[in-house]
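Undergrad: To be precise about what I am sending: the file is called entry_27.txt and holds compact mmCIF, C-alpha atoms and all ligand atoms.
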```
# COMPACT_ATOMS: atom_id res chain seq x y z
CA MET Y 149 5.02 85.76 107.79
CA SER Y 150 6.50 84.85 111.12
CA ALA Y 151 4.49 85.83 114.15
CA PHE Y 152 7.43 87.95 115.24
CA GLU Y 153 8.17 89.68 111.96
CA HIS Y 154 6.29 92.84 112.90
CA ARG Y 155 8.43 93.14 115.99
CA SER Y 156 11.14 95.09 114.22
CA GLN Y 157 12.89 98.42 114.44
CA PRO Y 158 10.04 100.62 115.77
CA GLU Y 159 9.20 98.05 118.44
CA TRP Y 160 12.86 97.58 119.37
CA VAL Y 161 13.18 101.34 119.83
CA ALA Y 162 9.96 101.56 121.84
CA MET Y 163 11.16 98.72 124.06
CA GLU Y 164 14.57 100.35 124.49
CA GLU Y 165 12.96 103.65 125.47
CA TRP Y 166 10.75 101.87 127.96
CA ILE Y 167 13.73 100.01 129.42
CA SER Y 168 15.72 103.21 129.69
CA GLY Y 169 12.88 105.07 131.39
CA THR Y 170 11.96 102.21 133.69
CA VAL Y 171 15.32 100.73 134.63
CA VAL Y 172 18.22 102.96 133.58
CA HIS Y 173 16.84 106.44 134.38
CA PRO Y 174 19.14 108.74 132.35
CA ASP Y 175 19.62 112.01 134.23
CA PRO Y 176 20.25 115.64 133.21
CA ALA Y 177 24.03 115.14 132.79
CA LEU Y 178 23.43 112.31 130.33
CA ASP Y 179 20.70 114.30 128.58
CA GLN Y 180 23.16 117.19 128.26
CA ALA Y 181 25.69 114.90 126.55
CA ILE Y 182 23.06 113.90 123.99
CA ARG Y 183 21.83 117.47 123.45
CA THR Y 184 25.27 119.05 123.13
CA ALA Y 185 26.31 116.33 120.66
CA GLN Y 186 23.28 117.14 118.52
CA ASP Y 187 23.87 120.89 118.78
CA ALA Y 188 27.50 120.42 117.72
CA GLY Y 189 26.42 118.39 114.67
CA MET Y 190 27.98 115.12 115.86
CA PRO Y 191 26.56 111.93 114.38
CA PRO Y 192 24.02 110.34 116.79
CA ILE Y 193 26.14 107.25 117.33
CA GLU Y 194 26.70 107.26 121.09
CA VAL Y 195 25.84 104.00 122.84
CA ALA Y 196 22.20 103.39 123.75
CA PRO Y 197 21.44 104.26 127.39
CA ASN Y 198 20.94 100.63 128.36
CA SER Y 199 24.36 99.80 126.87
CA GLY Y 200 25.94 102.78 128.64
CA LYS Y 201 24.52 101.47 131.87
CA LEU Y 202 26.06 98.08 131.13
CA LEU Y 203 29.47 99.78 130.82
CA GLU Y 204 28.89 101.44 134.20
CA LEU Y 205 27.98 98.09 135.74
CA LEU Y 206 31.00 96.36 134.20
CA VAL Y 207 33.30 98.96 135.75
CA ARG Y 208 31.66 98.25 139.12
CA ILE Y 209 31.63 94.47 138.69
CA ARG Y 210 35.32 94.48 137.71
CA GLY Y 211 36.09 96.87 140.59
CA ALA Y 212 38.00 98.87 137.98
CA ARG Y 213 40.20 101.75 139.11
CA ARG Y 214 41.79 102.43 135.72
CA VAL Y 215 39.59 102.63 132.62
CA LEU Y 216 40.61 103.34 129.01
CA GLU Y 217 38.13 104.50 126.38
CA ILE Y 218 38.98 104.85 122.69
CA GLY Y 219 36.46 107.21 121.05
CA THR Y 220 34.93 109.86 123.34
CA LEU Y 221 32.47 111.74 121.11
CA ALA Y 222 30.52 114.01 123.54
CA GLY Y 223 31.33 111.84 126.55
CA PHE Y 224 28.05 109.93 126.93
CA SER Y 225 29.62 106.50 127.53
CA THR Y 226 32.47 108.25 129.38
CA LEU Y 227 29.97 109.63 131.91
CA PHE Y 228 28.56 106.21 132.71
CA MET Y 229 32.01 104.69 133.27
CA ALA Y 230 33.51 107.67 135.13
CA ARG Y 231 30.62 107.61 137.58
CA ALA Y 232 31.33 104.00 138.44
CA LEU Y 233 34.93 104.72 139.43
CA PRO Y 234 36.01 105.12 143.04
CA GLU Y 235 37.30 108.56 144.17
CA ASP Y 236 40.90 107.65 143.30
CA GLY Y 237 39.90 106.01 139.99
CA ARG Y 238 41.01 107.41 136.64
CA LEU Y 239 39.60 107.16 133.15
CA VAL Y 240 41.70 107.97 130.10
CA THR Y 241 39.57 108.71 127.04
CA ILE Y 242 40.94 109.41 123.56
CA GLU Y 243 39.11 111.58 121.03
CA PHE Y 244 40.33 112.26 117.50
CA LYS Y 245 38.45 115.53 116.98
CA ALA Y 246 39.32 118.56 119.12
CA GLU Y 247 35.79 120.00 118.64
CA HIS Y 248 34.23 116.83 120.04
CA ALA Y 249 36.73 116.73 122.90
CA ALA Y 250 35.86 120.30 123.92
CA VAL Y 251 32.17 119.40 124.16
CA ALA Y 252 32.99 116.23 126.10
CA ARG Y 253 35.32 118.10 128.49
CA LYS Y 254 32.53 120.49 129.44
CA ASN Y 255 29.95 117.70 129.81
CA LEU Y 256 32.26 115.73 132.13
CA ASP Y 257 33.19 118.80 134.17
CA ASP Y 258 29.54 119.88 134.46
CA ALA Y 259 28.65 116.37 135.65
CA GLY Y 260 31.23 116.60 138.43
CA VAL Y 261 33.44 113.74 137.20
CA GLY Y 262 35.96 115.88 135.31
CA THR Y 263 38.76 115.39 137.82
CA ARG Y 264 38.61 111.64 137.24
CA VAL Y 265 38.87 111.93 133.45
CA ASP Y 266 42.08 112.42 131.49
CA LEU Y 267 40.86 113.43 128.00
CA ARG Y 268 43.49 113.10 125.28
CA VAL Y 269 43.03 114.59 121.83
CA GLY Y 270 44.57 112.88 118.84
CA ALA Y 271 44.69 109.72 116.79
CA ALA Y 272 44.42 106.82 119.22
CA LEU Y 273 47.31 105.01 117.54
CA ASP Y 274 49.51 108.02 118.42
CA VAL Y 275 48.19 108.40 121.96
CA LEU Y 276 48.15 104.72 123.02
CA PRO Y 277 51.96 104.27 122.96
CA THR Y 278 52.25 107.21 125.40
CA LEU Y 279 50.23 105.20 127.94
CA GLU Y 280 52.77 102.37 128.03
CA GLY Y 281 54.58 101.94 131.32
CA GLY Y 282 51.69 103.29 133.40
CA GLU Y 283 49.46 101.29 135.71
CA PRO Y 284 47.59 98.65 133.68
CA PHE Y 285 43.97 99.32 132.74
CA ASP Y 286 41.25 97.23 134.36
CA LEU Y 287 38.66 97.87 131.64
CA VAL Y 288 39.00 99.05 128.04
CA PHE Y 289 36.07 100.26 125.92
CA ILE Y 290 36.76 100.53 122.17
CA ASP Y 291 34.27 102.59 120.14
CA ALA Y 292 36.22 104.41 117.44
CA ASP Y 293 37.17 103.99 113.76
CA LYS Y 294 36.34 100.40 112.96
CA GLN Y 295 39.27 99.98 110.54
CA ASN Y 296 41.58 99.97 113.55
CA ASN Y 297 39.57 97.56 115.72
CA SER Y 298 42.27 94.90 115.62
CA ASN Y 299 45.01 97.42 116.39
CA TYR Y 300 43.00 98.71 119.34
CA LEU Y 301 42.44 95.18 120.63
CA ASP Y 302 46.18 94.62 120.48
CA TRP Y 303 46.74 97.81 122.48
CA ALA Y 304 44.08 96.78 124.97
CA ALA Y 305 45.96 93.55 125.55
CA ARG Y 306 49.28 95.38 125.89
CA LEU Y 307 47.93 98.00 128.30
CA GLY Y 308 45.86 95.57 130.37
CA ARG Y 309 46.67 92.58 132.55
CA PRO Y 310 45.06 89.22 133.22
CA GLY Y 311 41.46 89.90 134.21
CA THR Y 312 41.15 93.16 132.28
CA VAL Y 313 37.71 93.50 130.69
CA VAL Y 314 37.61 94.57 127.03
CA VAL Y 315 34.41 95.77 125.35
CA LEU Y 316 34.37 96.40 121.59
CA ASP Y 317 31.35 98.25 120.18
CA ASN Y 318 29.63 97.71 116.83
CA THR Y 319 30.62 94.13 116.18
CA VAL Y 320 27.41 93.06 114.43
CA TRP Y 321 26.84 96.24 112.36
CA GLU Y 322 23.63 95.05 110.64
CA GLY Y 323 25.25 91.70 109.87
CA ALA Y 324 28.14 93.23 107.95
CA PRO Y 325 30.70 90.61 109.12
CA LEU Y 326 28.77 88.03 107.07
CA HIS Y 327 28.27 90.40 104.13
CA PRO Y 328 31.50 92.32 103.56
CA GLU Y 329 30.07 93.93 100.41
CA MET Y 330 27.68 95.92 102.66
CA ASP Y 331 30.55 98.05 103.84
CA PRO Y 332 33.84 97.29 102.09
CA VAL Y 333 35.92 99.26 104.61
CA ASN Y 334 34.33 98.54 107.98
CA ALA Y 335 32.83 95.09 107.49
CA PRO Y 336 36.11 93.23 106.84
CA ALA Y 337 37.76 95.13 109.70
CA ILE Y 338 34.99 94.18 112.12
CA ARG Y 339 35.11 90.57 110.95
CA ASP Y 340 38.92 90.47 111.30
CA SER Y 341 38.70 91.87 114.83
CA LEU Y 342 36.21 89.15 115.84
CA GLU Y 343 38.44 86.48 114.31
CA LEU Y 344 41.29 87.93 116.34
CA LEU Y 345 39.20 87.73 119.52
CA GLY Y 346 38.42 84.10 118.73
CA GLN Y 347 41.98 83.08 117.92
CA ASP Y 348 44.37 85.27 119.90
CA PRO Y 349 45.20 83.38 123.12
CA ARG Y 350 45.32 86.64 125.06
CA PHE Y 351 41.50 86.96 124.83
CA ASP Y 352 38.55 84.95 126.11
CA ALA Y 353 35.56 86.51 124.35
CA THR Y 354 31.98 86.43 123.17
CA VAL Y 355 29.72 88.70 121.10
CA LEU Y 356 26.25 89.79 122.18
CA GLN Y 357 23.76 90.94 119.55
CA THR Y 358 21.60 93.94 120.33
CA VAL Y 359 18.58 95.61 118.73
CA GLY Y 360 17.13 99.04 119.43
CA SER Y 361 17.93 102.63 118.55
CA LYS Y 362 21.28 101.52 117.11
CA GLY Y 363 19.56 99.09 114.74
CA TRP Y 364 20.84 95.54 114.65
CA ASP Y 365 24.26 95.64 116.25
CA GLY Y 366 26.17 94.19 119.16
CA PHE Y 367 29.34 94.29 121.16
CA ALA Y 368 32.16 91.95 121.96
CA LEU Y 369 32.92 91.29 125.60
CA ALA Y 370 36.30 89.82 126.45
CA VAL Y 371 38.58 89.22 129.38
CA LEU Y 372 42.37 89.09 129.13
CA ARG Y 373 43.83 85.75 130.11
C1 LIG F 1 28.92 104.38 113.84
C2 LIG F 1 29.89 104.32 114.83
C3 LIG F 1 29.57 103.81 116.06
O1 LIG F 1 30.50 103.70 117.04
C4 LIG F 1 28.30 103.35 116.34
O2 LIG F 1 28.06 102.85 117.58
C5 LIG F 1 27.33 103.40 115.37
C6 LIG F 1 27.63 103.91 114.12
C7 LIG F 1 29.27 104.94 112.52
O3 LIG F 1 30.41 105.37 112.36
O4 LIG F 1 28.41 104.96 111.66
MG MG F 2 29.82 102.63 118.70
```
Just give me the structure of the file as structure tokens.
TA:
Amino acid sequence: MSAFEHRSQPEWVAMEEWISGTVVHPDPALDQAIRTAQDAGMPPIEVAPNSGKLLELLVRIRGARRVLEIGTLAGFSTLFMARALPEDGRLVTIEFKAEHAAVARKNLDDAGVGTRVDLRVGAALDVLPTLEGGEPFDLVFIDADKQNNSNYLDWAARLGRPGTVVVLDNTVWEGAPLHPEMDPVNAPAIRDSLELLGQDPRFDATVLQTVGSKGWDGFALAVLR
């Protein structure tokens, strides 16, 4: 047995909780997003707090004024990113389910960032074409149905500009890209989207693996050339 073998899921979660409490400091607005998601019966699949904080920091680092999010859920990740925007910044977030969007709308309004957030309800592939012709997005966060990852990456490239940051969630998915039989629908789609990031000249990308409350997962981080 490796000396590190015991350092698995429970320890990853304990470490994540310690990091969140020590460094990230989630506040009542973020707690409300978690609680209202639970109360509404949403799956507990929002980003971990330390990943949400990374999204906030990326918005700041990029100096983003226009942010696009695909997959709102109860608005947990949305809150992090909206808070990082300047007063005149705007975040467009797309949610498939009207019930989820209603919960997110209230969470964002209660947190005082509602005026910065344009929440669209519908299938992202229907909503994204309506965003064409607007100001390009500076940062795009994709966290929705994995089957459409590659389509969403294509839209991110079309709606961005050189220098736009693209973050794609759930790109390790317990190792599914190497073991497509684990999840015959999502695994090949995730793998295809990573191959796209590696081959499509519009992207310069990497993937970071993560462990913690979301298990063994990770996210792709890319910049548009
Ligand atoms: C699932 C979706 C997510 O976006 C995530 O971060 C974790 C799990 C899911 O659909 O199971
Ligand atoms: Mg996700």
Undergrad: My list of candidates is Y:His327, Y:Arg214, Y:Arg155, Y:Arg309. Which is closest to Arg373 (chain Y) when distances are computed with all atoms listed in the file?
TA: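 Closest to Arg373 (chain Y) of all the choices is Y:Arg309.
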Undergrad: Give the answer as one residue: which of Y:Ile242, Y:Leu205, Y:Ala337, Y:Leu233 has the shortest atom-to-atom distance to Ile218 (chain Y), using all atoms listed in the file?
TA: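 That would be Y:Ile242, the residue with the smallest distance to Ile218 (chain Y).
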Undergrad: Fewer than 2 positions away in the same chain doesn't count, so skip those; otherwise give me all residues within 9 Å of Glu235 (chain Y), counting all atoms listed in the file, as an MDAnalysis selection string.
TA: chainID Y and resid 213 233 237:238 264
Undergrad: Find the residues near ligand LIG 1 (chain F). Use a cut-off of 7 Å, count only C-alpha atoms and all ligand atoms, and write them as number ranges by chain.
TA: Y: 193-195, 291-292, 317-318, 362
Undergrad: Kindly compile the residues surrounding ligand MG 2 (chain F) within 12 Å, counting only C-alpha atoms and all ligand atoms, and format them as an MDAnalysis selection string.
TA: chainID Y and resid 191:196 199:200 217:221 224:225 289:294 297 315:321 338 361:363 365:368
Undergrad: So that I can see what lies close to Ala259 (chain Y), please list as a PDB file with C-alpha atoms, in the coordinates of the input the residues with an atom at most 9 Å from it, counting only C-alpha atoms and leaving out residues fewer than 2 positions away in the same chain.
TA:
```
ATOM      1  CA  PRO Y 176      20.250 115.640 133.210  1.00  0.00           C
ATOM      2  CA  ALA Y 177      24.030 115.140 132.790  1.00  0.00           C
ATOM      3  CA  LEU Y 178      23.430 112.310 130.330  1.00  0.00           C
ATOM      4  CA  LEU Y 227      29.970 109.630 131.910  1.00  0.00           C
ATOM      5  CA  LYS Y 254      32.530 120.490 129.440  1.00  0.00           C
ATOM      6  CA  ASN Y 255      29.950 117.700 129.810  1.00  0.00           C
ATOM      7  CA  LEU Y 256      32.260 115.730 132.130  1.00  0.00           C
ATOM      8  CA  ASP Y 257      33.190 118.800 134.170  1.00  0.00           C
ATOM      9  CA  VAL Y 261      33.440 113.740 137.200  1.00  0.00           C
ATOM     10  CA  GLY Y 262      35.960 115.880 135.310  1.00  0.00           C
TER      11      GLY Y 262
END
```
Undergrad: May I ask for the distance between CA of Pro174 (chain Y) and CA of Arg253 (chain Y), given in Å to one decimal place?
TA: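 CA of Pro174 (chain Y) sits 19.1 Å away from CA of Arg253 (chain Y).
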Undergrad: Would you kindly return, as a PyMOL selection string, each protein, DNA or RNA residue with an atom no farther than 9 Å from any atom of Thr354 (chain Y), considering only C-alpha atoms and excluding same-chain residues fewer than 6 positions away?
TA: chain Y and resi 342+345-346+367-370
Undergrad: Quick one: of Y:Met190, Y:Leu372, Y:Val265, Y:Ala232, who's nearest to Leu307 (chain Y), counting all atoms listed in the file?
TA: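 That would be Y:Leu372, the residue with the smallest distance to Leu307 (chain Y).
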Undergrad: Which of these residues is nearest to Ser168 (chain Y), using all atoms listed in the file: Y:Gly360, Y:Pro332, Y:Arg350, Y:Asp236?
TA: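 Going through Y:Gly360, Y:Pro332, Y:Arg350, Y:Asp236 one by one, the smallest distance to Ser168 (chain Y) is for Y:Gly360.
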Undergrad: To one decimal place, how far is CA of Ala353 (chain Y) from CA of Val371 (chain Y) in Å?
TA: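 Rounded to one decimal, the two atoms are 6.5 Å apart.
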Undergrad: Tell me which protein, DNA and RNA residues are within 12 Å of Asp274 (chain Y), counting all atoms listed in the file, leaving out same-chain ones fewer than 4 positions away, and put them as a list in words.
TA: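 Listing them by chain and then by number gives Ile218, Ile242, Glu243, Phe244, Arg268, Val269, Gly270, Thr278, Leu279, Glu280, Asn299, Tyr300 and Trp303 of chain Y.
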Undergrad: In Å, rounded to a single decimal, give me how far CA of Ala304 (chain Y) is from CA of Leu287 (chain Y).
TA: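 Rounded to one decimal, the two atoms are 8.7 Å apart.
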Undergrad: Taking all atoms listed in the file into account, name the residue in Y:Ala246, Y:Ala181, Y:Val172, Y:Ala335 that is nearest to Gly223 (chain Y).
TA: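 The shortest atom-to-atom distance to Gly223 (chain Y) comes from Y:Ala181.
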Undergrad: Which residue gives the smallest distance to Ala305 (chain Y) among Y:Gly189, Y:Pro349, Y:Gly211, Y:Pro325, with all atoms listed in the file counted?
TA: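 Residue with the minimum atom-to-atom distance to Ala305 (chain Y): Y:Pro349.
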Undergrad: Using the file's own x, y and z axes, what box holds all listed atoms of region 310-318 of chain Y with 8 Å on each side, keeping edges along x, y and z, and what are its centre and edge lengths in Å to one decimal, as JSON?
TA:
```
{"center_x": 37.3, "center_y": 93.7, "center_z": 125.5, "size_x": 31.4, "size_y": 25.0, "size_z": 33.4}
```
